[in-house]
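Colleague: One structure, as structure tokens, below. Some questions next.
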Amino acid sequence: MSNYINRAEKVFIRINQLAAISEDEGAVTRTFGTKPFLEGTAKVAQWMKEAGLQTRIDQIGNVRGKLLSKTAGAKTFVIASHIDTVVNAGKFDGPLGVIMGLDLLEQLVAIKAELPFNIELIAFSDEEGVRYHTTFLGSKVVTGAFDNALLNKHDKNGITLKEAIRTMGGDDTLLAVDAILPENWLGYFEIHIEQGPVLWENKIPVALVTAIAGQKRVELTYTGFAGHAGTVPMDMRNDALTCASEFILAAEQFALQNKDHLVATVGKLDVIGSASNVIPGEVVFSLDLRSPDEEKLKTAYQHLQQLSENIAAKRGIMPKWNLVQETLPVVCDAGLNEMLKQAIGTSNYDLVELVSGAGHDAVPVSEVAPVSMLFVRCYKGISHNPLENAELADIAAAIQVSDNFMNQLIQKHQ
Ligand code: HGY
Ligand code: MN
Ligand code: MN
């Protein structure tokens with residue numbers, strides 16, 4: 001176990017080095033295309049090069065390191081996660097999977113493993129979708145699913161995704177060239193903190209992910225009528241913010257009544273032209289809906305859309321409902337999961353199988369390849385929060401399981 005602890009210590013050092021590269025003093029924020037983001041990709045590229053991987057940064061800023069097989073025409077097994085973060089993030093969500101993947105490849109290089117397939121380590125450039133409010137930009141390029149219409153999306157400063165790519169030094173006309181063709185994929189493995197409390201509560205270091213919840217991201221705009229806070233009587237107002245507040249609490253109530261299969265979150269809300277003495281005339285806010293059950297997600301979406309219209313009509317507000325992004329629930333590959341199960345058993349850890357409520361780059365990858373994920377126990381399940389943390393022993397355990405998993409995969413394809 002001491003070897004795994006030593007490797008886990010090196011993972012921790014790199015986690016902290018990457019976390020120190022941030023847009024915000026004293027916090028971890030590295031969003032797509034910013035200067036700290038580019039410093040972060042350069043750091044990861046440097047580690048990959050030092051590990052002896054064939055390294056490049058692709059047109060959308062993914063950092064990619066390849067370990068080649070000597071077998072002609074060998075397929076590619078991808079180990080990946082993301083290195084962009086939410087605002088005021090934790091250190092582990094994303095980077096842990098990339099840095100542990102790097103450790104696995106360093107180990108294979110150290111033992112001069114004969115690879116029957118190529119392995120590509122990828123640090124995806126935009127899983128969170130903070131800047132352009134649409135996720136998986138990096139992984140969609142690698143899977144060939146990138147929609148060029150996204151290039152015209154504007155960020156809050158009016159900069160298009162196309163401009164952001166070009167500013168980073170990328171060429172948006174070559175994005176398709178960066179895809180791994182469907183026939184060349186062998187499979188996908190992503191290590192990620194659980195971002196939930198199950199492993200923490202049960203003091204178990206790792207879990208196998210059986211499925212990933214589907215999600216729908218909506219942008220709602222409520223348009224009322226701005227007015228003077230002091231002169232407009234309460235019963236003569238079209239207040240966009242109180243309308244949004246009624247809808248938000250109703251959506252929360254609905255999700256609570258369906259909490260066994262549904263979560264609903266309003267994470268962003270902007271009062272346009274806000275001032276303390278102005279009745280809000282326009283509000284723009286987000287709605288994030290998730291469920292592992294495709295049908296129930298659809299029903300909840302339709303119910304809440306109707307609820308939004310009813311509340312707005314009652315208050316004389318004009319509602320706009322824009323579905324920004326949606327992904328179907330994903331089932332992880334049974335064959336890869338069988339090997340992960342064995343790896344967990346051989347490493348003498350209890351088997352825990354979880355559905356992921358969080359989205360991951362494994363979602364777009366599941367369109368072109370069999371996917372597998374290993375969750376690592378994290379402090380009280382906290383994530384998207386600077387308190388996010390993981391323990392050395394749990395990371396060491398995840399390294400032990402992942403080593404075993406990779407060895408099984410290599411033996412299977414020898
Ligand atoms: O939102 C998510 O589930 C992920 O953190 N991007
Ligand atoms: Mn996240
Ligand atoms: Mn993540």
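Residue numbers start at 1 in each chain; chains themselves are named A, B, ... in the order of the structure tokens; ligands are numbered from 1 in the order shown.
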Give me, as CSV, the closest atom pair and its distance (Å, one decimal) for every residue of chain A within a cut-off of 7 Å of ligand 2, counting only C-alpha atoms and all ligand atoms, rows sorted by chain and rising number.

Modeller:
```
residue,atom,partner,partner_atom_place_in_ligand_line,distance
A:Thr85,CA,ligand 2,1 (Mn),6.6
A:Val86,CA,ligand 2,1 (Mn),6.5
A:Asp93,CA,ligand 2,1 (Mn),5.6
A:Gly94,CA,ligand 2,1 (Mn),7.0
A:Glu128,CA,ligand 2,1 (Mn),5.7
A:His384,CA,ligand 2,1 (Mn),6.1
```

Colleague: Let's have the selection written as a PDB file, in the first residue's frame, with N, CA and C atoms.

Modeller:
```pdb
ATOM      1  N   THR A  85     -13.195  24.810 -14.234  1.00  0.00           N
ATOM      2  CA  THR A  85     -13.894  24.699 -12.935  1.00  0.00           C
ATOM      3  C   THR A  85     -15.115  25.612 -12.915  1.00  0.00           C
ATOM      4  N   VAL A  86     -15.948  25.448 -11.915  1.00  0.00           N
ATOM      5  CA  VAL A  86     -17.000  26.451 -11.675  1.00  0.00           C
ATOM      6  C   VAL A  86     -16.326  27.649 -10.982  1.00  0.00           C
ATOM      7  N   ASP A  93     -12.751  18.549  -8.349  1.00  0.00           N
ATOM      8  CA  ASP A  93     -13.770  18.278  -9.370  1.00  0.00           C
ATOM      9  C   ASP A  93     -13.174  18.510 -10.752  1.00  0.00           C
ATOM     10  N   GLY A  94     -12.788  17.407 -11.387  1.00  0.00           N
ATOM     11  CA  GLY A  94     -12.152  17.478 -12.716  1.00  0.00           C
ATOM     12  C   GLY A  94     -10.678  17.149 -12.635  1.00  0.00           C
ATOM     13  N   GLU A 128     -17.784  22.249 -17.431  1.00  0.00           N
ATOM     14  CA  GLU A 128     -18.763  22.933 -16.580  1.00  0.00           C
ATOM     15  C   GLU A 128     -19.695  23.869 -17.361  1.00  0.00           C
ATOM     16  N   HIS A 384     -18.269  21.743  -5.768  1.00  0.00           N
ATOM     17  CA  HIS A 384     -18.646  23.078  -6.270  1.00  0.00           C
ATOM     18  C   HIS A 384     -18.619  24.064  -5.108  1.00  0.00           C
TER      19      HIS A 384
END
```

Colleague: Residues near segment 187-204 of chain A, anyone? I mean within 7 Å using only C-alpha atoms, not counting same-chain ones fewer than 3 positions away, as a list in words.

Modeller: Phe77, Val78, Ile79, Ala80, Ser81, Phe92, Asp93, Gly94, Leu96, Gly97, Asp350, Ala369, Pro370, Val371, Ser372, Met373, Leu374, Phe375, Val376, Arg377, Cys378, Tyr379, Lys380, Gly381, Ile382 and Ser383 of chain A

Colleague: Would you please give, as a PyMOL selection string, all residues of segment 307-398 of chain A that DSSP assigns to strand (DSSP E) based on the backbone?

Modeller: chain A and resi 318-327+330-331+353-356+371-376

Colleague: How many Å lie between atom CA of Ile279 of chain A and atom CA of Arg217 of chain A, rounded to one decimal?

Modeller: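 Calculated distance between atom CA of Ile279 of chain A and atom CA of Arg217 of chain A is 27.4 Å.
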
Colleague: Can you list, as a list in words, every protein, DNA or RNA residue that comes within 12 Å of Leu181 of chain A when you count only C-alpha atoms, leaving out same-chain residues fewer than 4 positions away?

Modeller: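 The contact residues come out as Lys75, Thr76, Val141, Val142, Thr143, Gly144, Ala145, Ala176, Val177, Trp185, Leu186, Val365, Glu367, Val368 and Ala369 of chain A.
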
Colleague: Could you write out, as a count of residues only, all the residues of segment 24-249 of chain A that DSSP marks as helix (DSSP H, G or I)?

Modeller: 78

Colleague: Could I get the residue neighbourhood of ligand 1 at 7 Å, counting only C-alpha atoms and all ligand atoms, as an mmCIF file with N, CA and C atoms, in the first residue's frame?

Modeller:
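Writing the result to result_19.cif gives the following:
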```cif
data_model
loop_
_atom_site.group_PDB
_atom_site.id
_atom_site.type_symbol
_atom_site.label_atom_id
_atom_site.label_comp_id
_atom_site.auth_asym_id
_atom_site.auth_seq_id
_atom_site.Cartn_x
_atom_site.Cartn_y
_atom_site.Cartn_z
ATOM 1 N N GLU A 127 -15.997 21.387 -19.297
ATOM 2 C CA GLU A 127 -17.083 20.458 -18.915
ATOM 3 C C GLU A 127 -18.173 21.249 -18.206
ATOM 4 N N GLU A 128 -17.784 22.249 -17.431
ATOM 5 C CA GLU A 128 -18.763 22.933 -16.580
ATOM 6 C C GLU A 128 -19.695 23.869 -17.361
ATOM 7 N N THR A 135 -22.497 22.768 -21.717
ATOM 8 C CA THR A 135 -21.370 21.988 -21.166
ATOM 9 C C THR A 135 -20.739 21.077 -22.225
ATOM 10 N N GLY A 357 -25.541 11.839 -10.028
ATOM 11 C CA GLY A 357 -26.469 12.973 -10.234
ATOM 12 C C GLY A 357 -25.762 14.083 -10.999
ATOM 13 N N ALA A 358 -24.427 14.092 -10.882
ATOM 14 C CA ALA A 358 -23.660 15.118 -11.610
ATOM 15 C C ALA A 358 -23.415 14.641 -13.035
ATOM 16 N N GLY A 359 -23.320 15.615 -13.943
ATOM 17 C CA GLY A 359 -22.958 15.276 -15.318
ATOM 18 C C GLY A 359 -21.451 15.139 -15.408
ATOM 19 N N HIS A 360 -20.978 14.400 -16.397
ATOM 20 C CA HIS A 360 -19.525 14.221 -16.590
ATOM 21 C C HIS A 360 -19.244 14.102 -18.086
#
```

Colleague: Give me the residues within 6 Å of segment 257-264 of chain A as a list in words, counting only C-alpha atoms and dropping any in the same chain fewer than 3 places off.

Modeller: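 Near segment 257-264 of chain A, the qualifying residues are Phe254, Asp288, Leu289, Arg290 and Ser291 of chain A.
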
Colleague: Can you pull out the residues contacting Leu287 of chain A? Cut-off 9 Å, using only C-alpha atoms, and skip same-chain residues under 4 positions away; I want them as a list of chain:residue names.

Modeller: A:Lys216, A:Arg217, A:Val218, A:Glu219, A:Leu220, A:Ile248, A:Ala264, A:Thr265, A:Val266, A:Gly267, A:Lys268

Colleague: Would you pick out the contacts of segment 311-323 of chain A at 7 Å or less, using only C-alpha atoms, so that residues sharing its chain but fewer than 2 positions from it are not included, and give the list as a list in words?

Modeller: Arg217, Val218, Glu219, Leu220, Thr221, Tyr222, Thr223, Gly224, Asn238, Ala240, Cys243, Phe247, Leu307, Ser308, Glu309 and Gln325 of chain A

Colleague: Report, in Å to a single decimal, how far apart atom CA of Glu246 of chain A and atom CA of Ser276 of chain A are.

Modeller: 19.6 Å

Colleague: Here is a test: counting only C-alpha atoms and all ligand atoms, which residue of A:Val98, A:Leu304, A:Leu174, A:Met236 is nearest to ligand 3?

Modeller: A:Val98

Colleague: What's around Asn277 of chain A at 10 Å? Count only C-alpha atoms, leave out sequence neighbours fewer than 3 positions away in its own chain, and write the answer as a VMD selection string.

Modeller: chain A and resid 227 to 230 274 280

Colleague: Between atom CA of Gly101 of chain A and atom CA of Gln46 of chain A, what distance in Å does the model show, to one decimal?

Modeller: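 Going from atom CA of Gly101 of chain A over to atom CA of Gln46 of chain A, I get 14.7 Å.
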
Colleague: Taking into account only C-alpha atoms and all ligand atoms, which residue in the set A:Leu387, A:Ala396, A:Ala123, A:Leu150 is nearest to ligand 3?

Modeller: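 Comparing A:Leu387, A:Ala396, A:Ala123, A:Leu150 against ligand 3, the winner is A:Ala123.
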
Colleague: I'd like to know which of A:Val209, A:Ile395, A:Ala89, A:Ala251 is closest to ligand 3, using only C-alpha atoms and all ligand atoms.

Modeller: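 Distance minimum relative to ligand 3 lands on A:Ala89.
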
Colleague: Between A:Gln107, A:Thr31, A:Ser139, A:Gln215, which has the minimum distance to Val63 of chain A (counting only C-alpha atoms)?

Modeller: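 Ranking A:Gln107, A:Thr31, A:Ser139, A:Gln215 by distance to Val63 of chain A, first place goes to A:Ser139.
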
Colleague: Pick from A:Gly281, A:Gly345, A:Pro95, A:Gly52: nearest to ligand 3, with only C-alpha atoms and all ligand atoms counted?

Modeller: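 Among the listed residues, A:Pro95 lies closest to ligand 3.
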